[in-house]
>>> print(open('structure-v7.csv').read())   # CSV, C-alpha atoms and all ligand atoms
chain,number,residue,atom,x,y,z
A,5,MET,CA,-52.0,-6.3,7.3
A,6,LYS,CA,-50.7,-2.9,8.6
A,7,LEU,CA,-47.0,-2.8,8.8
A,8,LYS,CA,-45.7,-0.7,11.7
A,9,LYS,CA,-42.9,1.9,11.6
A,10,ILE,CA,-41.2,3.0,14.8
A,11,LEU,CA,-39.5,6.5,14.6
A,12,GLY,CA,-35.9,5.6,13.7
A,13,LEU,CA,-33.9,8.2,15.4
A,14,GLY,CA,-36.1,8.5,18.5
A,15,LEU,CA,-36.2,4.8,19.1
A,16,SER,CA,-32.6,4.1,18.2
A,17,ALA,CA,-31.4,6.9,20.5
A,18,ALA,CA,-33.5,5.7,23.3
A,19,LEU,CA,-32.5,2.1,22.8
A,20,ALA,CA,-28.8,3.0,22.3
A,21,LEU,CA,-28.9,4.6,25.8
A,22,SER,CA,-30.5,1.5,27.3
A,23,LEU,CA,-28.0,-0.7,25.4
A,24,PHE,CA,-25.2,1.4,27.0
A,25,ALA,CA,-26.8,1.2,30.4
A,26,CYS,CA,-27.4,-2.6,30.2
A,27,SER,CA,-24.1,-3.5,28.6
A,28,GLY,CA,-22.2,-2.5,31.7
A,29,GLY,CA,-22.8,-6.0,33.0
A,30,ASN,CA,-20.4,-8.1,30.8
A,31,ALA,CA,-20.7,-11.1,33.1
A,32,ALA,CA,-22.5,-13.8,31.2
A,33,SER,CA,-26.0,-14.2,32.6
A,34,SER,CA,-26.5,-17.9,32.8
A,35,GLU,CA,-30.2,-17.4,33.4
A,36,PRO,CA,-32.1,-19.5,30.9
A,37,PRO,CA,-34.7,-17.6,28.8
A,38,ALA,CA,-37.4,-16.6,31.2
A,39,ASP,CA,-40.3,-19.1,31.1
A,40,ASP,CA,-42.9,-16.3,31.5
A,41,THR,CA,-43.0,-15.7,27.7
A,42,PRO,CA,-46.4,-14.3,27.0
A,43,SER,CA,-48.9,-17.1,26.2
A,44,ALA,CA,-50.5,-17.3,22.8
A,45,SER,CA,-53.6,-15.9,24.2
A,46,GLU,CA,-52.0,-12.5,25.1
A,47,PRO,CA,-52.5,-9.7,22.5
A,48,ALA,CA,-49.7,-8.9,20.1
A,49,GLY,CA,-47.9,-5.5,20.2
A,50,ASN,CA,-49.4,-2.2,18.9
A,51,THR,CA,-49.0,-1.2,15.3
A,52,ASP,CA,-48.9,2.6,15.5
A,53,SER,CA,-45.7,4.5,14.9
A,54,THR,CA,-44.6,5.1,18.5
A,55,PRO,CA,-44.3,2.7,21.4
A,56,THR,CA,-47.4,2.3,23.5
A,57,PRO,CA,-47.3,4.8,26.4
A,58,GLU,CA,-47.6,3.4,29.9
A,59,GLY,CA,-50.9,1.7,30.7
A,60,ASN,CA,-52.3,1.5,27.2
A,61,GLU,CA,-52.9,-2.2,26.1
A,62,PRO,CA,-51.3,-3.2,22.8
A,63,SER,CA,-53.8,-3.1,19.9
A,64,GLY,CA,-53.5,-6.8,19.4
A,65,GLU,CA,-52.6,-6.4,15.7
A,66,VAL,CA,-50.1,-8.7,14.0
A,67,ILE,CA,-46.4,-8.1,14.5
A,68,ASN,CA,-44.5,-8.6,11.3
A,69,VAL,CA,-41.1,-10.2,11.8
A,70,GLY,CA,-38.5,-11.0,9.2
A,71,PHE,CA,-35.9,-13.7,10.2
A,72,ALA,CA,-32.7,-14.1,8.1
A,73,GLN,CA,-31.5,-17.6,9.2
A,74,VAL,CA,-27.9,-18.9,8.6
A,75,GLY,CA,-29.1,-21.9,6.6
A,76,HIS,CA,-29.8,-25.6,7.2
A,77,GLU,CA,-26.3,-26.9,7.7
A,78,SER,CA,-26.7,-28.7,11.0
A,79,ASP,CA,-29.1,-30.4,13.6
A,80,TRP,CA,-28.5,-27.3,15.7
A,81,ARG,CA,-29.7,-25.1,12.9
A,82,THR,CA,-32.8,-27.2,12.5
A,83,ALA,CA,-33.6,-26.8,16.2
A,84,SER,CA,-33.0,-23.0,16.0
A,85,THR,CA,-35.3,-22.7,13.1
A,86,LYS,CA,-38.0,-24.8,14.7
A,87,SER,CA,-37.8,-22.7,17.9
A,88,ALA,CA,-38.4,-19.5,15.9
A,89,GLN,CA,-41.2,-20.9,13.8
A,90,ASP,CA,-42.9,-22.2,17.0
A,91,VAL,CA,-42.6,-18.9,18.8
A,92,PHE,CA,-43.2,-16.4,16.0
A,93,SER,CA,-46.5,-18.0,15.1
A,94,GLU,CA,-49.9,-16.5,14.2
A,95,ALA,CA,-51.2,-17.8,17.6
A,96,ASN,CA,-48.6,-15.7,19.3
A,97,GLY,CA,-49.5,-12.6,17.4
A,98,TYR,CA,-46.9,-12.8,14.7
A,99,ALA,CA,-46.5,-13.0,10.9
A,100,LEU,CA,-43.1,-14.5,10.3
A,101,SER,CA,-41.2,-14.1,7.0
A,102,PHE,CA,-38.4,-16.7,7.1
A,103,VAL,CA,-35.5,-16.8,4.8
A,104,ASP,CA,-33.0,-19.7,4.8
A,105,CYS,CA,-29.8,-17.9,3.6
A,106,ASP,CA,-28.0,-21.2,2.8
A,107,ASN,CA,-24.8,-20.2,4.5
A,108,ASP,CA,-24.4,-17.4,1.9
A,109,PRO,CA,-23.5,-14.0,3.4
A,110,ALA,CA,-24.6,-12.1,0.3
A,111,ALA,CA,-28.0,-13.8,0.3
A,112,GLN,CA,-28.4,-12.9,3.9
A,113,LEU,CA,-27.8,-9.2,3.2
A,114,ASP,CA,-30.3,-9.4,0.4
A,115,ALA,CA,-32.8,-11.0,2.7
A,116,VAL,CA,-32.5,-8.2,5.2
A,117,ARG,CA,-32.9,-5.6,2.5
A,118,SER,CA,-36.0,-7.3,1.3
A,119,PHE,CA,-37.4,-7.2,4.8
A,120,ILE,CA,-36.7,-3.4,4.8
A,121,GLN,CA,-38.6,-3.1,1.5
A,122,GLN,CA,-41.5,-5.1,3.0
A,123,GLY,CA,-41.6,-2.7,5.9
A,124,MET,CA,-41.2,-5.4,8.6
A,125,ASP,CA,-41.9,-4.3,12.2
A,126,TYR,CA,-38.8,-6.2,13.4
A,127,ILE,CA,-35.9,-8.0,11.8
A,128,ILE,CA,-34.1,-11.0,13.4
A,129,ILE,CA,-30.6,-12.0,12.1
A,130,ASP,CA,-28.4,-14.9,12.9
A,131,PRO,CA,-25.3,-13.6,11.2
A,132,ILE,CA,-23.5,-16.1,9.0
A,133,GLN,CA,-20.3,-14.1,9.4
A,134,ALA,CA,-19.4,-11.6,12.1
A,135,THR,CA,-18.4,-8.7,9.9
A,136,GLY,CA,-19.8,-6.9,6.9
A,137,TRP,CA,-23.0,-5.7,8.7
A,138,ASP,CA,-22.7,-1.9,9.4
A,139,THR,CA,-24.1,-0.7,6.0
A,140,VAL,CA,-27.2,-2.8,6.0
A,141,LEU,CA,-27.9,-2.3,9.7
A,142,THR,CA,-27.6,1.5,9.1
A,143,GLU,CA,-30.3,1.0,6.4
A,144,CYS,CA,-32.5,-0.8,8.9
A,145,ASP,CA,-31.9,2.0,11.5
A,146,GLU,CA,-32.8,4.7,8.9
A,147,ALA,CA,-36.0,2.7,8.0
A,148,GLY,CA,-36.9,2.7,11.7
A,149,ILE,CA,-36.9,-1.1,11.9
A,150,PRO,CA,-35.4,-2.5,15.1
A,151,VAL,CA,-33.0,-5.4,14.5
A,152,ILE,CA,-32.4,-8.3,17.0
A,153,VAL,CA,-29.4,-10.5,16.6
A,154,ILE,CA,-29.4,-14.1,17.8
A,155,ASP,CA,-26.8,-16.8,18.3
A,156,ARG,CA,-23.7,-15.6,16.5
A,157,THR,CA,-22.5,-12.0,16.9
A,158,VAL,CA,-22.2,-8.9,14.7
A,159,ASP,CA,-18.6,-7.7,15.4
A,160,ASP,CA,-18.5,-4.6,13.2
A,161,SER,CA,-21.7,-2.7,14.1
A,162,ASP,CA,-23.8,-1.8,17.1
A,163,LYS,CA,-26.9,-0.8,15.2
A,164,TYR,CA,-29.2,-3.4,16.7
A,165,VAL,CA,-31.4,-3.3,19.8
A,166,ALA,CA,-30.5,-6.6,21.4
A,167,TRP,CA,-28.5,-9.8,21.1
A,168,VAL,CA,-29.4,-13.2,22.5
A,169,GLY,CA,-26.9,-16.1,22.3
A,170,SER,CA,-24.0,-17.9,23.6
A,171,ASP,CA,-20.5,-17.0,24.8
A,172,PHE,CA,-18.6,-19.1,22.3
A,173,LYS,CA,-15.2,-18.4,23.9
A,174,VAL,CA,-16.5,-19.8,27.2
A,175,GLU,CA,-17.5,-22.9,25.3
A,176,GLY,CA,-14.0,-23.3,24.0
A,177,LEU,CA,-12.5,-22.6,27.4
A,178,ALA,CA,-14.8,-25.1,29.0
A,179,CYS,CA,-13.7,-27.7,26.5
A,180,GLY,CA,-10.0,-27.0,27.3
A,181,GLU,CA,-10.6,-27.1,31.1
A,182,TRP,CA,-12.5,-30.4,30.8
A,183,LEU,CA,-9.8,-32.0,28.7
A,184,LYS,CA,-7.1,-30.8,31.2
A,185,ALA,CA,-9.0,-32.4,34.1
A,186,TYR,CA,-9.9,-35.6,32.1
A,187,ALA,CA,-6.3,-36.1,30.9
A,188,ALA,CA,-4.9,-35.6,34.5
A,189,ASP,CA,-7.4,-38.2,35.8
A,190,LYS,CA,-6.4,-40.7,33.1
A,191,GLY,CA,-2.7,-40.1,33.4
A,192,ILE,CA,-2.4,-38.7,29.9
A,193,THR,CA,0.6,-36.5,29.9
A,194,GLU,CA,0.8,-35.4,26.2
A,195,ILE,CA,-2.1,-34.0,24.2
A,196,ASN,CA,-1.7,-34.0,20.4
A,197,ALA,CA,-5.0,-32.5,19.1
A,198,LEU,CA,-6.6,-32.1,15.7
A,199,VAL,CA,-9.4,-29.5,15.5
A,200,ILE,CA,-12.2,-29.4,12.9
A,201,GLU,CA,-13.4,-25.8,13.0
A,202,GLY,CA,-16.8,-24.5,12.1
A,203,SER,CA,-17.6,-22.1,9.3
A,204,VAL,CA,-14.9,-19.6,8.5
A,205,GLY,CA,-15.7,-16.1,9.9
A,206,ALA,CA,-18.5,-17.3,12.1
A,207,SER,CA,-18.2,-15.9,15.7
A,208,ALA,CA,-19.0,-19.5,17.0
A,209,THR,CA,-15.9,-20.7,15.2
A,210,ILE,CA,-13.8,-17.8,16.3
A,211,GLY,CA,-14.8,-18.1,20.0
A,212,ARG,CA,-14.5,-21.9,20.3
A,213,THR,CA,-11.1,-21.8,18.5
A,214,ASP,CA,-9.7,-19.0,20.6
A,215,GLY,CA,-11.0,-20.5,23.9
A,216,PHE,CA,-9.5,-24.0,23.3
A,217,LYS,CA,-6.2,-22.5,21.9
A,218,GLU,CA,-5.9,-20.4,25.1
A,219,ILE,CA,-5.9,-23.5,27.3
A,220,ALA,CA,-3.7,-25.5,24.9
A,221,GLU,CA,-1.1,-22.8,25.0
A,222,ARG,CA,-1.3,-22.6,28.8
A,223,GLU,CA,-1.0,-26.4,29.2
A,224,GLY,CA,1.7,-26.8,26.5
A,225,TRP,CA,-0.5,-29.1,24.3
A,226,ASN,CA,0.2,-29.6,20.6
A,227,ILE,CA,-2.5,-28.6,18.1
A,228,LEU,CA,-1.3,-30.5,15.1
A,229,ALA,CA,-3.9,-28.9,12.7
A,230,SER,CA,-7.0,-26.8,12.7
A,231,GLN,CA,-9.2,-26.7,9.6
A,232,SER,CA,-12.8,-25.8,8.8
A,233,GLY,CA,-15.4,-28.5,8.3
A,234,ASP,CA,-18.0,-25.7,7.8
A,235,PHE,CA,-20.2,-27.1,10.5
A,236,THR,CA,-21.4,-29.9,8.2
A,237,GLU,CA,-21.2,-33.7,8.4
A,238,ALA,CA,-19.6,-33.9,4.9
A,239,GLY,CA,-17.1,-31.2,5.9
A,240,GLY,CA,-16.2,-33.0,9.1
A,241,GLN,CA,-15.7,-36.3,7.3
A,242,GLU,CA,-13.6,-34.7,4.6
A,243,VAL,CA,-11.2,-33.0,7.0
A,244,MET,CA,-11.0,-36.1,9.2
A,245,GLU,CA,-10.2,-38.3,6.3
A,246,SER,CA,-7.3,-35.9,5.4
A,247,TYR,CA,-6.2,-35.9,9.0
A,248,CYS,CA,-6.2,-39.7,9.2
A,249,GLN,CA,-3.8,-39.7,6.2
A,250,SER,CA,-1.5,-36.9,7.3
A,251,TYR,CA,-1.4,-37.5,11.1
A,252,ALA,CA,-1.8,-41.3,11.3
A,253,GLY,CA,-0.7,-42.5,14.8
A,254,GLN,CA,0.2,-38.9,15.9
A,255,PHE,CA,-3.0,-37.7,17.5
A,256,ASN,CA,-4.9,-38.6,20.7
A,257,VAL,CA,-7.6,-35.9,20.7
A,258,VAL,CA,-10.1,-34.7,18.0
A,259,ILE,CA,-12.1,-31.5,18.7
A,260,CYS,CA,-15.1,-31.1,16.4
A,261,GLN,CA,-16.8,-27.6,16.7
A,262,ASN,CA,-20.3,-29.0,16.2
A,263,ASP,CA,-22.1,-32.3,16.3
A,264,ASN,CA,-22.5,-32.8,12.6
A,265,GLU,CA,-18.7,-32.5,12.1
A,266,ALA,CA,-18.3,-35.1,14.8
A,267,ALA,CA,-20.6,-37.5,12.9
A,268,GLY,CA,-18.4,-37.0,9.8
A,269,ALA,CA,-15.2,-37.5,11.9
A,270,MET,CA,-16.6,-40.7,13.4
A,271,THR,CA,-17.3,-42.1,9.9
A,272,ALA,CA,-13.7,-41.2,8.8
A,273,MET,CA,-12.1,-42.8,11.9
A,274,ASP,CA,-14.3,-45.9,11.6
A,275,GLN,CA,-13.1,-46.3,8.0
A,276,ALA,CA,-9.5,-45.8,9.1
A,277,GLY,CA,-9.8,-48.3,11.9
A,278,ILE,CA,-9.2,-45.7,14.6
A,279,LYS,CA,-10.8,-46.3,18.0
A,280,TYR,CA,-12.3,-43.2,19.6
A,281,GLY,CA,-14.4,-42.4,22.7
A,282,VAL,CA,-14.4,-44.2,26.1
A,283,GLY,CA,-11.7,-46.8,26.1
A,284,GLY,CA,-10.4,-45.8,22.7
A,285,ASP,CA,-7.1,-44.3,21.5
A,286,VAL,CA,-8.6,-40.9,20.6
A,287,ILE,CA,-10.6,-38.6,22.9
A,288,LEU,CA,-13.5,-37.2,20.8
A,289,VAL,CA,-15.1,-33.9,21.8
A,290,SER,CA,-18.1,-32.1,20.2
A,291,PHE,CA,-20.1,-28.9,20.6
A,292,ASP,CA,-23.9,-28.2,20.4
A,293,ALA,CA,-25.2,-31.3,22.4
A,294,ASN,CA,-28.2,-32.0,20.2
A,295,ARG,CA,-30.0,-35.0,21.7
A,296,PRO,CA,-28.8,-37.7,19.2
A,297,TYR,CA,-25.2,-36.7,20.0
A,298,VAL,CA,-25.8,-36.6,23.8
A,299,GLN,CA,-27.0,-40.2,23.2
A,300,MET,CA,-23.6,-40.8,21.6
A,301,VAL,CA,-22.0,-39.4,24.8
A,302,CYS,CA,-24.1,-41.8,26.8
A,303,ASP,CA,-23.0,-44.7,24.5
A,304,GLY,CA,-19.3,-43.7,25.0
A,305,LYS,CA,-18.7,-42.8,21.4
A,306,ILE,CA,-18.2,-39.1,22.2
A,307,ASN,CA,-16.2,-38.3,25.4
A,308,ALA,CA,-17.6,-34.8,26.0
A,309,ASN,CA,-20.1,-32.4,24.4
A,310,PHE,CA,-20.4,-28.7,25.1
A,311,GLU,CA,-23.9,-27.4,24.7
A,312,CYS,CA,-24.8,-24.4,22.5
A,313,ASN,CA,-28.4,-23.6,23.2
A,314,PRO,CA,-30.4,-22.9,20.0
A,315,MET,CA,-33.5,-21.7,21.9
A,316,ALA,CA,-33.1,-17.9,21.6
A,317,ALA,CA,-36.6,-17.3,20.2
A,318,PRO,CA,-38.6,-17.3,23.5
A,319,THR,CA,-36.3,-14.5,24.8
A,320,VAL,CA,-36.6,-12.6,21.5
A,321,ASP,CA,-40.4,-12.8,21.9
A,322,GLU,CA,-40.1,-11.2,25.4
A,323,ILE,CA,-37.9,-8.5,24.0
A,324,ILE,CA,-40.3,-7.7,21.2
A,325,LYS,CA,-43.3,-7.7,23.4
A,326,ALA,CA,-41.5,-5.3,25.8
A,327,LEU,CA,-40.6,-2.9,23.0
A,328,GLU,CA,-44.2,-3.0,21.8
A,329,LYS,CA,-45.3,-1.9,25.2
A,330,GLY,CA,-42.7,0.9,25.3
A,331,GLU,CA,-40.6,-0.8,27.9
A,332,THR,CA,-36.8,-1.1,27.9
A,333,PRO,CA,-36.0,-4.8,27.5
A,334,GLU,CA,-32.9,-6.9,28.3
A,335,THR,CA,-30.5,-6.0,25.4
A,336,GLU,CA,-27.8,-8.6,25.9
A,337,VAL,CA,-28.9,-12.1,27.0
A,338,TYR,CA,-26.8,-15.2,27.3
A,339,VAL,CA,-28.7,-18.5,27.0
A,340,SER,CA,-27.9,-21.1,29.6
A,341,GLU,CA,-25.7,-24.0,28.6
A,342,GLN,CA,-24.5,-27.3,30.1
A,343,TRP,CA,-21.4,-29.5,29.7
A,344,PHE,CA,-21.9,-33.2,29.2
A,345,ALA,CA,-19.4,-36.1,29.6
A,346,ALA,CA,-19.5,-39.9,29.1
A,347,GLU,CA,-17.7,-40.6,32.4
A,348,ASP,CA,-18.1,-39.1,35.8
A,349,ASN,CA,-14.4,-38.6,36.6
A,350,VAL,CA,-14.6,-34.8,36.1
A,351,LYS,CA,-17.4,-33.5,38.3
A,352,THR,CA,-16.9,-29.7,37.8
A,353,ILE,CA,-14.8,-27.3,35.8
A,354,THR,CA,-14.2,-23.6,36.4
A,355,VAL,CA,-14.2,-21.1,33.5
A,356,ASN,CA,-13.6,-17.3,34.1
A,357,GLY,CA,-13.9,-18.0,37.8
A,358,GLN,CA,-17.3,-19.6,37.5
A,359,GLU,CA,-17.5,-23.2,38.6
A,360,GLN,CA,-20.0,-25.4,36.6
A,361,GLU,CA,-21.0,-29.0,36.9
A,362,VAL,CA,-20.0,-31.5,34.2
A,363,ILE,CA,-23.1,-33.6,33.7
A,364,HIS,CA,-22.4,-37.4,33.6
A,365,VAL,CA,-24.7,-38.5,30.8
A,366,THR,CA,-27.1,-41.4,31.7
A,367,GLN,CA,-30.1,-42.4,29.6
A,368,ASP,CA,-32.3,-40.2,31.8
A,369,VAL,CA,-30.2,-37.2,30.9
A,370,VAL,CA,-30.6,-38.0,27.2
A,371,ASP,CA,-34.3,-38.5,27.5
A,372,ALA,CA,-34.7,-35.2,29.3
A,373,ARG,CA,-32.9,-33.2,26.5
A,374,PRO,CA,-35.3,-30.6,25.1
A,375,TYR,CA,-33.9,-30.8,21.5
B,401,LIG,C1,-23.5,-21.7,17.2
B,401,LIG,C2,-24.1,-21.9,15.9
B,401,LIG,C3,-23.4,-23.0,15.1
B,401,LIG,C4,-23.6,-24.4,15.7
B,401,LIG,C5,-23.5,-25.2,14.5
B,401,LIG,O1,-24.2,-20.8,17.9
B,401,LIG,O2,-24.2,-20.7,15.1
B,401,LIG,O3,-23.8,-23.0,13.8
B,401,LIG,O4,-22.6,-24.7,16.7
B,401,LIG,C6,-24.4,-24.3,13.5
B,401,LIG,O5,-24.1,-26.5,14.6
B,401,LIG,O6,-24.2,-24.8,12.3
>>> encode(input="structure-v7.csv", output="structure tokens", more="lines below")
Ligand code: GZL
Amino acid sequence: MKLKKILGLGLSAALALSLFACSGGNAASSEPPADDTPSASEPAGNTDSTPTPEGNEPSGEVINVGFAQVGHESDWRTASTKSAQDVFSEANGYALSFVDCDNDPAAQLDAVRSFIQQGMDYIIIDPIQATGWDTVLTECDEAGIPVIVIDRTVDDSDKYVAWVGSDFKVEGLACGEWLKAYAADKGITEINALVIEGSVGASATIGRTDGFKEIAEREGWNILASQSGDFTEAGGQEVMESYCQSYAGQFNVVICQNDNEAAGAMTAMDQAGIKYGVGGDVILVSFDANRPYVQMVCDGKINANFECNPMAAPTVDEIIKALEKGETPETEVYVSEQWFAAEDNVKTITVNGQEQEVIHVTQDVVDARPY
């Protein structure tokens, strides 16, 4: 198995220029990953040390990819991992080295360094935390191994060739705008919210927290507490149990920053005899919109769910295949996401000047969910 090296400086400089040129468009592209991902029958990229010049077909040799995944903390993560394993398959011309970093930032850095040692052709990272990356990404750059970041963001280094993921602040803003419209329609004049945040230091947590807080401050809502449930069901239950003790009778909204925390929060509120969801005393909101939780929206247990699309791998495949052919790929791609609600009283919301439909969840909507 011949492992490819791409000239570090030459490639980085060229890609840095393309990154600069492409990053002018900050507007989120809501285009879903293109569905023209090369089919399994198309040859893999070349394996020599420079990108293929125009016109030369890739050699068809295997592309070696190392993927340092956050962990296995949530349904969302499972979907993200499955998408990567489906796309970076032997049939698609890849040899995937996958490391589940178990939510441990140090283990994730070790995984990336092991990929460098193994001489991977490409390294994919979903960063557990947004900072602490520049040293190891410099090592990747010096080794001439292009890095592609997916999902969460790296906020303290630009030494990667592309990023594919979500605008987490938009997700938080959408949650706030929906809640404003929903409360107005229901005649709710006071919002006393409890927030169960995701993992500390994760860009998903930072963005969703900042977005919701911005609307809460604009609308004069009270955020009674905001603690991390670490994106897990156990974490969500533990925080909600504490909230039920400390804020009994004081809250009418619970914001869970992912579905698994919402599952834990529901268990805690059931145990405390608190009625949530449609017709309940507490409005329950979640993020991710994995199918089982969109079903809960349909069933009225969750009032609204803001999708975070885990299917970045098909777009990463396109980026790698473009690089293999010496083309300049998209270097910043936002995955498309939808907003779901149990009732149809809020038809659309507008975030950053962009109006988007709020999908009223019926069983057909649930059945059509891809993950
Ligand atoms: C967000 C992703 C988050 C999900 C959680 O893009 O990183 O991590 O919202 C997952 O479910 O644990």
>>> residues_around(input="structure-v7.csv", residues="stretch 184-195 of chain A", least_positions_apart="2", cutoff="9 Å", atoms="all atoms listed in the file", output="PyMOL selection string")
chain A and resi 179-182+197+219-220+223-227+255-257+349-350+353
>>> write_last_selection(input="structure-v7.csv", atoms="C-alpha atoms", output="compact mmCIF listing (two decimals), in the frame of the given file")
# COMPACT_ATOMS: atom_id res chain seq x y z
CA CYS A 179 -13.70 -27.70 26.50
CA GLY A 180 -10.00 -27.00 27.30
CA GLU A 181 -10.60 -27.10 31.10
CA TRP A 182 -12.50 -30.40 30.80
CA ALA A 197 -5.00 -32.50 19.10
CA ILE A 219 -5.90 -23.50 27.30
CA ALA A 220 -3.70 -25.50 24.90
CA GLU A 223 -1.00 -26.40 29.20
CA GLY A 224 1.70 -26.80 26.50
CA TRP A 225 -0.50 -29.10 24.30
CA ASN A 226 0.20 -29.60 20.60
CA ILE A 227 -2.50 -28.60 18.10
CA PHE A 255 -3.00 -37.70 17.50
CA ASN A 256 -4.90 -38.60 20.70
CA VAL A 257 -7.60 -35.90 20.70
CA ASN A 349 -14.40 -38.60 36.60
CA VAL A 350 -14.60 -34.80 36.10
CA ILE A 353 -14.80 -27.30 35.80
>>> closest_atom_pairs(input="structure-v7.csv", of="stretch 272-293 of chain A", to="stretch 297-304 of chain A", cutoff="7 Å", atoms="all atoms listed in the file", output="tab-separated table")
residue	atom	partner	partner_atom	distance
A:Gly281	CA	A:Gly304	CA	5.6
A:Val282	CA	A:Gly304	CA	5.0
A:Ala293	CA	A:Val298	CA	5.5
>>> residues_near_ligand(input="structure-v7.csv", ligand="ligand LIG 401 (chain B)", cutoff="6 Å", atoms="all atoms listed in the file", output="list in words")
Glu77, Ser78, Trp80, Arg81, Asp155, Arg156, Ala208, Phe235, Asn262, Asp292 and Cys312 of chain A
>>> atom_distance(input="structure-v7.csv", atom1="atom CA of A:Asp348", atom2="atom CA of A:Gln367")
13.9 Å
>>> atom_distance(input="structure-v7.csv", atom1="atom CA of A:Glu334", atom2="atom CA of A:Thr135")
23.5 Å
>>> residues_around(input="structure-v7.csv", residues="A:Gln73", least_positions_apart="5", cutoff="9 Å", atoms="all atoms listed in the file", output="ChimeraX atom specification")
/A:81,84-85,102-107,112,128-132
>>> residues_around(input="structure-v7.csv", residues="A:Asp90", least_positions_apart="2", cutoff="12 Å", atoms="all atoms listed in the file", output="PDB file with C-alpha atoms, in the frame of the given file")
ATOM      1  CA  ALA A  44     -50.500 -17.300  22.800  1.00  0.00           C
ATOM      2  CA  ALA A  83     -33.600 -26.800  16.200  1.00  0.00           C
ATOM      3  CA  SER A  84     -33.000 -23.000  16.000  1.00  0.00           C
ATOM      4  CA  THR A  85     -35.300 -22.700  13.100  1.00  0.00           C
ATOM      5  CA  LYS A  86     -38.000 -24.800  14.700  1.00  0.00           C
ATOM      6  CA  SER A  87     -37.800 -22.700  17.900  1.00  0.00           C
ATOM      7  CA  ALA A  88     -38.400 -19.500  15.900  1.00  0.00           C
ATOM      8  CA  PHE A  92     -43.200 -16.400  16.000  1.00  0.00           C
ATOM      9  CA  SER A  93     -46.500 -18.000  15.100  1.00  0.00           C
ATOM     10  CA  GLU A  94     -49.900 -16.500  14.200  1.00  0.00           C
ATOM     11  CA  ALA A  95     -51.200 -17.800  17.600  1.00  0.00           C
ATOM     12  CA  ASN A  96     -48.600 -15.700  19.300  1.00  0.00           C
ATOM     13  CA  GLY A  97     -49.500 -12.600  17.400  1.00  0.00           C
ATOM     14  CA  TYR A  98     -46.900 -12.800  14.700  1.00  0.00           C
ATOM     15  CA  ALA A  99     -46.500 -13.000  10.900  1.00  0.00           C
ATOM     16  CA  LEU A 100     -43.100 -14.500  10.300  1.00  0.00           C
ATOM     17  CA  MET A 315     -33.500 -21.700  21.900  1.00  0.00           C
ATOM     18  CA  ALA A 316     -33.100 -17.900  21.600  1.00  0.00           C
ATOM     19  CA  ALA A 317     -36.600 -17.300  20.200  1.00  0.00           C
ATOM     20  CA  PRO A 318     -38.600 -17.300  23.500  1.00  0.00           C
ATOM     21  CA  ASP A 321     -40.400 -12.800  21.900  1.00  0.00           C
TER      22      ASP A 321
END
>>> atom_distance(input="structure-v7.csv", atom1="atom CA of A:Val355", atom2="atom CA of A:Gln133")
25.8 Å
>>> residues_near_point(input="structure-v7.csv", point="(-25.1, -28.6, 24.2)", cutoff="8 Å", atoms="only C-alpha atoms", output="list in words")
Phe291, Asp292, Ala293, Asn294, Asn309, Phe310, Glu311, Cys312, Asn313, Glu341, Gln342, Trp343 and Phe344 of chain A
>>> residues_around(input="structure-v7.csv", residues="A:Ala266", least_positions_apart="6", cutoff="8 Å", atoms="all atoms listed in the file", output="list in words")
Glu237, Gly240, Cys260, Leu288, Val289 and Ser290 of chain A
>>> closest_residue(input="structure-v7.csv", among="A:Val243, A:Ala134, A:Val116, A:Met124", to="A:Ser230", atoms="all atoms listed in the file")
A:Val243
>>> closest_residue(input="structure-v7.csv", among="A:Leu198, A:Val337, A:Ala229, A:Val174", to="A:Ile323", atoms="only C-alpha atoms")
A:Val337
>>> closest_residue(input="structure-v7.csv", among="A:Gly136, A:Gly277, A:Gly284, A:Gly176", to="A:Thr157", atoms="only C-alpha atoms")
A:Gly136
>>> closest_residue(input="structure-v7.csv", among="A:Leu228, A:Asp162, A:Val151, A:Val369", to="A:Tyr251", atoms="only C-alpha atoms")
A:Leu228
